[in-house]
Amino acid sequence: MTSRTIEVNARNYRWMSRPVVVVCVDGCEPAYLDAAVAAGVAPYLARMIETGANLLADCVVPSFTNPNNLSIVTGAPPAVHGICGNYFFDRELGEEVMMNDPKYLRAGTVLAAFADAGAKVAVVTAKDKLRKLLGNRMTGICFSSEKADQATLAENGIDGVVDLVGMPVPSVYSAELSEFVFASGVKLMETRRPDLMYLSTTDYVQHKAAPGSPAANAFYAMMDRYLAQLDALGATIVLTADHGMNDKHGSDGKPNVIYLQDVLDGWYGVDQARVILPITDPYVVHHGALGSFATVYAPDEATAAQWIPRLRELPGMESVLSRAEAARRFELPPDRIGDIVVVSERDTVIGTSVSRHDLSALEVPLRSHGGVSEQRVPLICNRPVEGIASSRRLRNFDALDLALNHAQ
């Protein structure tokens, strides 16, 4: 075993002695794994939990996809890497913009550092919105299920992906989009044997299906089969999630929504406040752009301070913080979060205006994420780990540390 180490964002990582695979299962509330194991549909996961390491960790808040995936691959919180949502208000431009361009990334990734040092690195993500961020400045293989048929050597480090995997390109709104990620990971391990591989799925199933439901158990049974194959190929596997998932509806099945832009417009007049929903992305069919975290831009900080006590009184609101308070508590970049940060309770989501959310495509009662209530996620390894202090607060972005520095 080599004693070589790589330093990235003030953390040291040992060179791998066998292939390492880090899996981010989008929306994987720990209860999904528990239910699948209890139902007997995930025998490999049961063995992984029993003979390896079965831990819990906290994800980044806002508990959304982009901030957490970037935290996992940088080993650092958003205060370091800069990605604190899918969407934010750029005050310099005066525009609301998607934060999926690598220009918004403020730190290098562990993946790129290992690739620079000579490791063979591969990244497969479900949606293309994450690909350029995860593969920023990384030499190696990096493609998405969504656009697998468009992968080229020049852009993605690989071509012929669809033929290699043996699956057609799936719909973005399907469980198969995630299955394509796992199938790709197995094929890459069989044919290219990367030293370090990162696999990131989509939460389409988790938004629709609760833990233990037939659809959820079928998804985890599928995942279980591919993880067993990666194990058989000799990989060290660490599995975590970008966030959990909860019901966000009442007993009548209707979403519990605080339409915050409408509230503020009613209180203070139109155009005084701007509410930003960082969950917003091009794929809103399964959540209607409704999550449990939002930021508010006020005319100035003094006004924001006056609004905060009143916002705290809204039913369904868990916490309302100033920019400075939120940056400290959630380790966020203060220049990208607005003047006020609001987090709703476990069963409640935040919207802008009723007129701006089309919920007609929601086929089942709303399940979503974004708040502190979705912060607890699994952190499991197929090998025993040592050197983890019992008092340590584990984070999902400790996944690479676990795999490279602590797995046996």
# chains A, B, ... in the order shown; residues from 1 in each chain; ligands from 1
$ closest_atom_pairs --of "segment 320-366 of chain A" --to "segment 264-273 of chain A" --cutoff "12 Å" --atoms "only C-alpha atoms" --output "tab-separated table"
residue	atom	partner	partner_atom	distance
A:Gly338	CA	A:Ala273	CA	10.5
A:Asp339	CA	A:Ala273	CA	10.1
A:Ile340	CA	A:Ala273	CA	10.4
A:Gly351	CA	A:Leu264	CA	11.8
A:Thr352	CA	A:Leu264	CA	9.6
A:Ser353	CA	A:Asp265	CA	9.4
$ residues_around --residues "segment 244-254 of chain A" --least-positions-apart "6" --cutoff "10 Å" --atoms "only C-alpha atoms" --output "count of residues only"
42
$ atom_distance --atom1 "atom CA of Ala403 of chain A" --atom2 "atom CA of Arg18 of chain A"
10.3 Å
$ select_by_dssp --residues "segment 91-332 of chain A" --states "helix (DSSP H, G or I)" --output "count of residues only"
98
$ residues_around --residues "Asn136 of chain A" --least-positions-apart "6" --cutoff "9 Å" --atoms "only C-alpha atoms" --output "list in words"
Pro102, Leu105, Gly108, Thr109 and Ala112 of chain A
$ write_last_selection --atoms "N, CA, C and O atoms" --output "PDB file, in the first residue's frame"
ATOM      1  N   PRO A 102     -19.708  25.935 -14.141  1.00  0.00           N
ATOM      2  CA  PRO A 102     -18.500  25.816 -13.313  1.00  0.00           C
ATOM      3  C   PRO A 102     -17.895  27.150 -12.882  1.00  0.00           C
ATOM      4  O   PRO A 102     -17.108  27.185 -11.930  1.00  0.00           O
ATOM      5  N   LEU A 105     -18.128  27.788  -9.234  1.00  0.00           N
ATOM      6  CA  LEU A 105     -17.419  26.904  -8.308  1.00  0.00           C
ATOM      7  C   LEU A 105     -16.149  27.594  -7.806  1.00  0.00           C
ATOM      8  O   LEU A 105     -15.343  28.088  -8.591  1.00  0.00           O
ATOM      9  N   GLY A 108     -11.559  23.458  -5.924  1.00  0.00           N
ATOM     10  CA  GLY A 108     -11.311  22.287  -6.747  1.00  0.00           C
ATOM     11  C   GLY A 108     -11.910  21.044  -6.122  1.00  0.00           C
ATOM     12  O   GLY A 108     -12.213  21.000  -4.926  1.00  0.00           O
ATOM     13  N   THR A 109     -12.085  20.020  -6.940  1.00  0.00           N
ATOM     14  CA  THR A 109     -12.655  18.773  -6.435  1.00  0.00           C
ATOM     15  C   THR A 109     -11.561  17.753  -6.139  1.00  0.00           C
ATOM     16  O   THR A 109     -10.461  17.814  -6.697  1.00  0.00           O
ATOM     17  N   ALA A 112     -10.746  15.865  -9.431  1.00  0.00           N
ATOM     18  CA  ALA A 112      -9.785  16.514 -10.327  1.00  0.00           C
ATOM     19  C   ALA A 112      -8.362  16.413  -9.790  1.00  0.00           C
ATOM     20  O   ALA A 112      -7.405  16.211 -10.556  1.00  0.00           O
TER      21      ALA A 112
END
$ residues_around --residues "Ala294 of chain A" --least-positions-apart "5" --cutoff "7 Å" --atoms "only C-alpha atoms" --output "PDB file with N, CA and C atoms, in the first residue's frame"
ATOM      1  N   VAL A 275     -38.388  36.609  -3.580  1.00  0.00           N
ATOM      2  CA  VAL A 275     -38.210  35.281  -3.002  1.00  0.00           C
ATOM      3  C   VAL A 275     -37.553  34.380  -4.039  1.00  0.00           C
ATOM      4  N   ILE A 276     -36.466  33.731  -3.646  1.00  0.00           N
ATOM      5  CA  ILE A 276     -35.740  32.806  -4.517  1.00  0.00           C
ATOM      6  C   ILE A 276     -35.865  31.396  -3.955  1.00  0.00           C
ATOM      7  N   LEU A 277     -36.209  30.450  -4.828  1.00  0.00           N
ATOM      8  CA  LEU A 277     -36.315  29.045  -4.436  1.00  0.00           C
ATOM      9  C   LEU A 277     -35.127  28.291  -5.026  1.00  0.00           C
ATOM     10  N   PRO A 278     -34.127  27.958  -4.222  1.00  0.00           N
ATOM     11  CA  PRO A 278     -32.925  27.307  -4.763  1.00  0.00           C
ATOM     12  C   PRO A 278     -33.150  25.894  -5.291  1.00  0.00           C
ATOM     13  N   VAL A 341     -32.942  33.971   5.208  1.00  0.00           N
ATOM     14  CA  VAL A 341     -33.076  32.556   4.848  1.00  0.00           C
ATOM     15  C   VAL A 341     -34.218  31.966   5.663  1.00  0.00           C
ATOM     16  N   VAL A 342     -35.144  31.299   4.981  1.00  0.00           N
ATOM     17  CA  VAL A 342     -36.289  30.694   5.660  1.00  0.00           C
ATOM     18  C   VAL A 342     -36.290  29.189   5.422  1.00  0.00           C
ATOM     19  N   VAL A 343     -36.589  28.446   6.474  1.00  0.00           N
ATOM     20  CA  VAL A 343     -36.665  26.985   6.412  1.00  0.00           C
ATOM     21  C   VAL A 343     -38.006  26.563   6.996  1.00  0.00           C
ATOM     22  N   ILE A 350     -42.116  25.690   0.671  1.00  0.00           N
ATOM     23  CA  ILE A 350     -42.207  27.122   0.413  1.00  0.00           C
ATOM     24  C   ILE A 350     -42.266  27.347  -1.093  1.00  0.00           C
TER      25      ILE A 350
END
$ closest_residue --among "A:Arg383, A:Arg328, A:Arg192, A:Arg274" --to "Glu96 of chain A" --atoms "only C-alpha atoms"
A:Arg274
$ select_by_dssp --residues "segment 14-111 of chain A" --states "strand (DSSP E or B)" --output "list in words"
Arg14, Val20, Val21, Val22, Val23, Cys24, Ala53, Asn54, Leu55, Leu56, Ala57, Asp58, Tyr87, Phe88, Phe89, Asp90, Glu95, Glu96, Val97 and Met98 of chain A
$ write_last_selection --atoms "all heavy atoms" --output "short mmCIF file (atom, residue, chain, number, x, y, z; two decimals), in the first residue's frame"
data_model
loop_
_atom_site.label_atom_id
_atom_site.label_comp_id
_atom_site.auth_asym_id
_atom_site.auth_seq_id
_atom_site.Cartn_x
_atom_site.Cartn_y
_atom_site.Cartn_z
N ARG A 14 -5.55 9.65 1.30
CA ARG A 14 -4.56 8.64 0.93
C ARG A 14 -4.83 8.11 -0.47
O ARG A 14 -5.99 7.99 -0.88
CB ARG A 14 -4.58 7.46 1.92
CG ARG A 14 -4.07 7.82 3.30
CD ARG A 14 -3.80 6.58 4.13
NE ARG A 14 -4.91 5.62 4.14
CZ ARG A 14 -5.27 4.93 5.21
NH1 ARG A 14 -4.62 5.07 6.34
NH2 ARG A 14 -6.25 4.06 5.14
N VAL A 20 -12.00 2.66 -5.74
CA VAL A 20 -12.94 3.29 -4.80
C VAL A 20 -14.13 3.82 -5.59
O VAL A 20 -13.96 4.51 -6.60
CB VAL A 20 -12.26 4.43 -4.02
CG1 VAL A 20 -13.29 5.31 -3.32
CG2 VAL A 20 -11.27 3.86 -3.01
N VAL A 21 -15.33 3.48 -5.10
CA VAL A 21 -16.56 3.98 -5.71
C VAL A 21 -17.37 4.69 -4.64
O VAL A 21 -17.73 4.10 -3.62
CB VAL A 21 -17.40 2.82 -6.30
CG1 VAL A 21 -18.68 3.39 -6.95
CG2 VAL A 21 -16.60 2.02 -7.32
N VAL A 22 -17.64 5.96 -4.87
CA VAL A 22 -18.52 6.73 -3.98
C VAL A 22 -19.85 6.92 -4.70
O VAL A 22 -19.89 7.37 -5.85
CB VAL A 22 -17.91 8.08 -3.60
CG1 VAL A 22 -18.93 8.94 -2.85
CG2 VAL A 22 -16.67 7.88 -2.73
N VAL A 23 -20.93 6.53 -4.03
CA VAL A 23 -22.27 6.58 -4.62
C VAL A 23 -23.11 7.59 -3.85
O VAL A 23 -23.25 7.48 -2.63
CB VAL A 23 -22.95 5.19 -4.57
CG1 VAL A 23 -24.32 5.26 -5.24
CG2 VAL A 23 -22.08 4.13 -5.22
N CYS A 24 -23.67 8.55 -4.57
CA CYS A 24 -24.62 9.49 -3.98
C CYS A 24 -26.01 9.13 -4.49
O CYS A 24 -26.31 9.33 -5.67
CB CYS A 24 -24.26 10.92 -4.35
SG CYS A 24 -25.46 12.13 -3.73
N ALA A 53 -19.48 -0.75 7.44
CA ALA A 53 -19.74 0.35 8.36
C ALA A 53 -21.13 0.90 8.08
O ALA A 53 -21.45 1.23 6.93
CB ALA A 53 -18.71 1.45 8.19
N ASN A 54 -21.94 1.00 9.11
CA ASN A 54 -23.30 1.50 8.99
C ASN A 54 -23.43 2.76 9.84
O ASN A 54 -23.64 2.69 11.05
CB ASN A 54 -24.30 0.43 9.46
CG ASN A 54 -25.74 0.90 9.32
OD1 ASN A 54 -26.04 1.77 8.52
ND2 ASN A 54 -26.63 0.32 10.11
N LEU A 55 -23.27 3.92 9.20
CA LEU A 55 -23.22 5.19 9.91
C LEU A 55 -24.32 6.11 9.39
O LEU A 55 -24.93 5.86 8.35
CB LEU A 55 -21.86 5.86 9.71
CG LEU A 55 -20.63 5.02 10.09
CD1 LEU A 55 -19.36 5.67 9.58
CD2 LEU A 55 -20.57 4.82 11.60
N LEU A 56 -24.56 7.18 10.12
CA LEU A 56 -25.46 8.24 9.68
C LEU A 56 -24.68 9.54 9.63
O LEU A 56 -23.73 9.74 10.39
CB LEU A 56 -26.65 8.38 10.63
CG LEU A 56 -27.67 7.24 10.62
CD1 LEU A 56 -28.67 7.40 11.77
CD2 LEU A 56 -28.42 7.18 9.29
N ALA A 57 -25.09 10.42 8.73
CA ALA A 57 -24.38 11.69 8.56
C ALA A 57 -25.39 12.80 8.31
O ALA A 57 -26.56 12.55 8.02
CB ALA A 57 -23.39 11.59 7.41
N ASP A 58 -24.92 14.02 8.41
CA ASP A 58 -25.74 15.18 8.07
C ASP A 58 -25.32 15.71 6.71
O ASP A 58 -24.12 15.85 6.43
CB ASP A 58 -25.57 16.29 9.11
CG ASP A 58 -26.23 15.97 10.44
OD1 ASP A 58 -27.20 15.19 10.44
OD2 ASP A 58 -25.78 16.50 11.47
N TYR A 87 -30.17 27.48 -7.94
CA TYR A 87 -30.69 28.71 -8.51
C TYR A 87 -30.43 29.83 -7.51
O TYR A 87 -30.60 29.63 -6.30
CB TYR A 87 -32.20 28.51 -8.69
CG TYR A 87 -32.90 29.41 -9.66
CD1 TYR A 87 -32.63 29.37 -11.03
CD2 TYR A 87 -33.91 30.26 -9.22
CE1 TYR A 87 -33.33 30.16 -11.92
CE2 TYR A 87 -34.62 31.06 -10.10
CZ TYR A 87 -34.32 31.00 -11.46
OH TYR A 87 -35.01 31.79 -12.33
N PHE A 88 -30.01 31.00 -7.97
CA PHE A 88 -29.84 32.12 -7.05
C PHE A 88 -29.99 33.44 -7.78
O PHE A 88 -30.06 33.48 -9.02
CB PHE A 88 -28.49 32.03 -6.32
CG PHE A 88 -27.30 32.61 -7.06
CD1 PHE A 88 -26.60 33.69 -6.53
CD2 PHE A 88 -26.87 32.06 -8.25
CE1 PHE A 88 -25.51 34.21 -7.21
CE2 PHE A 88 -25.77 32.56 -8.93
CZ PHE A 88 -25.09 33.66 -8.40
N PHE A 89 -30.08 34.51 -7.02
CA PHE A 89 -30.20 35.85 -7.58
C PHE A 89 -28.82 36.49 -7.61
O PHE A 89 -28.20 36.70 -6.58
CB PHE A 89 -31.17 36.69 -6.74
CG PHE A 89 -31.34 38.10 -7.25
CD1 PHE A 89 -31.86 38.33 -8.51
CD2 PHE A 89 -30.99 39.19 -6.46
CE1 PHE A 89 -32.03 39.63 -8.98
CE2 PHE A 89 -31.16 40.49 -6.92
CZ PHE A 89 -31.67 40.71 -8.19
N ASP A 90 -28.34 36.75 -8.81
CA ASP A 90 -27.04 37.39 -8.99
C ASP A 90 -27.25 38.90 -8.94
O ASP A 90 -27.75 39.51 -9.89
CB ASP A 90 -26.43 36.96 -10.32
CG ASP A 90 -24.98 37.42 -10.48
OD1 ASP A 90 -24.68 38.53 -10.02
OD2 ASP A 90 -24.18 36.67 -11.07
N GLU A 95 -30.14 39.46 -12.08
CA GLU A 95 -30.90 38.39 -12.69
C GLU A 95 -30.93 37.15 -11.79
O GLU A 95 -29.99 36.92 -11.02
CB GLU A 95 -30.29 37.97 -14.03
CG GLU A 95 -30.31 39.03 -15.10
CD GLU A 95 -29.62 38.57 -16.37
OE1 GLU A 95 -29.13 37.41 -16.39
OE2 GLU A 95 -29.55 39.35 -17.33
N GLU A 96 -32.00 36.37 -11.93
CA GLU A 96 -32.07 35.06 -11.29
C GLU A 96 -31.44 34.06 -12.25
O GLU A 96 -31.83 33.98 -13.41
CB GLU A 96 -33.53 34.69 -11.01
CG GLU A 96 -34.21 35.68 -10.07
CD GLU A 96 -35.69 35.39 -9.86
OE1 GLU A 96 -36.10 34.23 -10.09
OE2 GLU A 96 -36.43 36.30 -9.47
N VAL A 97 -30.45 33.31 -11.78
CA VAL A 97 -29.68 32.45 -12.68
C VAL A 97 -29.51 31.05 -12.11
O VAL A 97 -29.52 30.84 -10.89
CB VAL A 97 -28.28 33.04 -12.97
CG1 VAL A 97 -28.40 34.35 -13.71
CG2 VAL A 97 -27.47 33.22 -11.68
N MET A 98 -29.37 30.07 -13.01
CA MET A 98 -28.99 28.72 -12.62
C MET A 98 -27.53 28.71 -12.19
O MET A 98 -26.69 29.35 -12.83
CB MET A 98 -29.18 27.76 -13.80
CG MET A 98 -30.62 27.39 -14.09
SD MET A 98 -31.29 26.24 -12.87
CE MET A 98 -30.33 24.78 -13.22
#
$ closest_residue --among "A:Pro384, A:Pro168, A:Gly185, A:Gly82" --to "Phe143 of chain A" --atoms "only C-alpha atoms"
A:Gly185
$ closest_residue --among "A:Phe330, A:Phe180, A:Tyr104, A:Trp307" --to "Thr125 of chain A" --atoms "only C-alpha atoms"
A:Phe180
$ residues_around --residues "Ile49 of chain A" --least-positions-apart "2" --cutoff "10 Å" --atoms "only C-alpha atoms" --output "PyMOL selection string"
chain A and resi 33+37+43-47+51-55+379-384
$ residues_around --residues "segment 157-161 of chain A" --least-positions-apart "2" --cutoff "12 Å" --atoms "only C-alpha atoms" --output "ChimeraX atom specification"
/A:120-124,135,138-155,163-169,180-181,183-185,187-188,191-192
$ residues_around --residues "segment 69-72 of chain A" --least-positions-apart "3" --cutoff "7 Å" --atoms "only C-alpha atoms" --output "list in words"
Thr65, Asn66, Gly75, Ala76, Pro77, Pro78, Leu134, Asp242, Asn396, Phe397, Asp398 and Ala399 of chain A
$ write_last_selection --atoms "N, CA, C and O atoms" --output "PDB file, in the first residue's frame"
ATOM      1  N   THR A  65     -29.819  19.032  -4.319  1.00  0.00           N
ATOM      2  CA  THR A  65     -28.896  18.188  -5.075  1.00  0.00           C
ATOM      3  C   THR A  65     -27.532  18.829  -5.309  1.00  0.00           C
ATOM      4  O   THR A  65     -26.499  18.270  -4.955  1.00  0.00           O
ATOM      5  N   ASN A  66     -27.507  19.990  -5.949  1.00  0.00           N
ATOM      6  CA  ASN A  66     -26.219  20.564  -6.342  1.00  0.00           C
ATOM      7  C   ASN A  66     -25.310  20.908  -5.164  1.00  0.00           C
ATOM      8  O   ASN A  66     -24.120  20.564  -5.184  1.00  0.00           O
ATOM      9  N   GLY A  75     -15.268  17.670  -0.579  1.00  0.00           N
ATOM     10  CA  GLY A  75     -14.988  17.388   0.822  1.00  0.00           C
ATOM     11  C   GLY A  75     -15.159  18.604   1.704  1.00  0.00           C
ATOM     12  O   GLY A  75     -14.541  18.709   2.763  1.00  0.00           O
ATOM     13  N   ALA A  76     -16.019  19.532   1.282  1.00  0.00           N
ATOM     14  CA  ALA A  76     -16.138  20.813   1.977  1.00  0.00           C
ATOM     15  C   ALA A  76     -17.558  21.350   1.864  1.00  0.00           C
ATOM     16  O   ALA A  76     -18.299  20.998   0.945  1.00  0.00           O
ATOM     17  N   PRO A  77     -17.956  22.260   2.774  1.00  0.00           N
ATOM     18  CA  PRO A  77     -19.300  22.840   2.713  1.00  0.00           C
ATOM     19  C   PRO A  77     -19.386  23.945   1.662  1.00  0.00           C
ATOM     20  O   PRO A  77     -18.364  24.390   1.117  1.00  0.00           O
ATOM     21  N   PRO A  78     -20.602  24.426   1.378  1.00  0.00           N
ATOM     22  CA  PRO A  78     -20.777  25.469   0.366  1.00  0.00           C
ATOM     23  C   PRO A  78     -20.015  26.759   0.640  1.00  0.00           C
ATOM     24  O   PRO A  78     -19.688  27.492  -0.301  1.00  0.00           O
ATOM     25  N   LEU A 134     -19.395  18.592 -11.619  1.00  0.00           N
ATOM     26  CA  LEU A 134     -18.663  17.462 -11.050  1.00  0.00           C
ATOM     27  C   LEU A 134     -17.354  17.213 -11.794  1.00  0.00           C
ATOM     28  O   LEU A 134     -16.358  16.809 -11.188  1.00  0.00           O
ATOM     29  N   ASP A 242     -27.491  12.861  -1.060  1.00  0.00           N
ATOM     30  CA  ASP A 242     -27.403  14.319  -1.057  1.00  0.00           C
ATOM     31  C   ASP A 242     -28.410  14.932  -0.090  1.00  0.00           C
ATOM     32  O   ASP A 242     -28.198  16.028   0.418  1.00  0.00           O
ATOM     33  N   ASN A 396     -22.149  14.065   4.981  1.00  0.00           N
ATOM     34  CA  ASN A 396     -22.097  13.294   3.738  1.00  0.00           C
ATOM     35  C   ASN A 396     -20.841  13.615   2.944  1.00  0.00           C
ATOM     36  O   ASN A 396     -20.344  12.783   2.187  1.00  0.00           O
ATOM     37  N   PHE A 397     -20.290  14.812   3.133  1.00  0.00           N
ATOM     38  CA  PHE A 397     -19.057  15.146   2.414  1.00  0.00           C
ATOM     39  C   PHE A 397     -17.801  14.590   3.084  1.00  0.00           C
ATOM     40  O   PHE A 397     -16.679  14.927   2.701  1.00  0.00           O
ATOM     41  N   ASP A 398     -18.002  13.697   4.056  1.00  0.00           N
ATOM     42  CA  ASP A 398     -16.895  12.884   4.575  1.00  0.00           C
ATOM     43  C   ASP A 398     -16.775  11.559   3.825  1.00  0.00           C
ATOM     44  O   ASP A 398     -15.969  10.706   4.190  1.00  0.00           O
ATOM     45  N   ALA A 399     -17.584  11.368   2.780  1.00  0.00           N
ATOM     46  CA  ALA A 399     -17.612  10.079   2.080  1.00  0.00           C
ATOM     47  C   ALA A 399     -16.248   9.699   1.508  1.00  0.00           C
ATOM     48  O   ALA A 399     -15.795   8.554   1.645  1.00  0.00           O
TER      49      ALA A 399
END
$ closest_residue --among "A:Thr303, A:Asn12, A:Asn68, A:Ser3" --to "Ser200 of chain A" --atoms "only C-alpha atoms"
A:Asn68
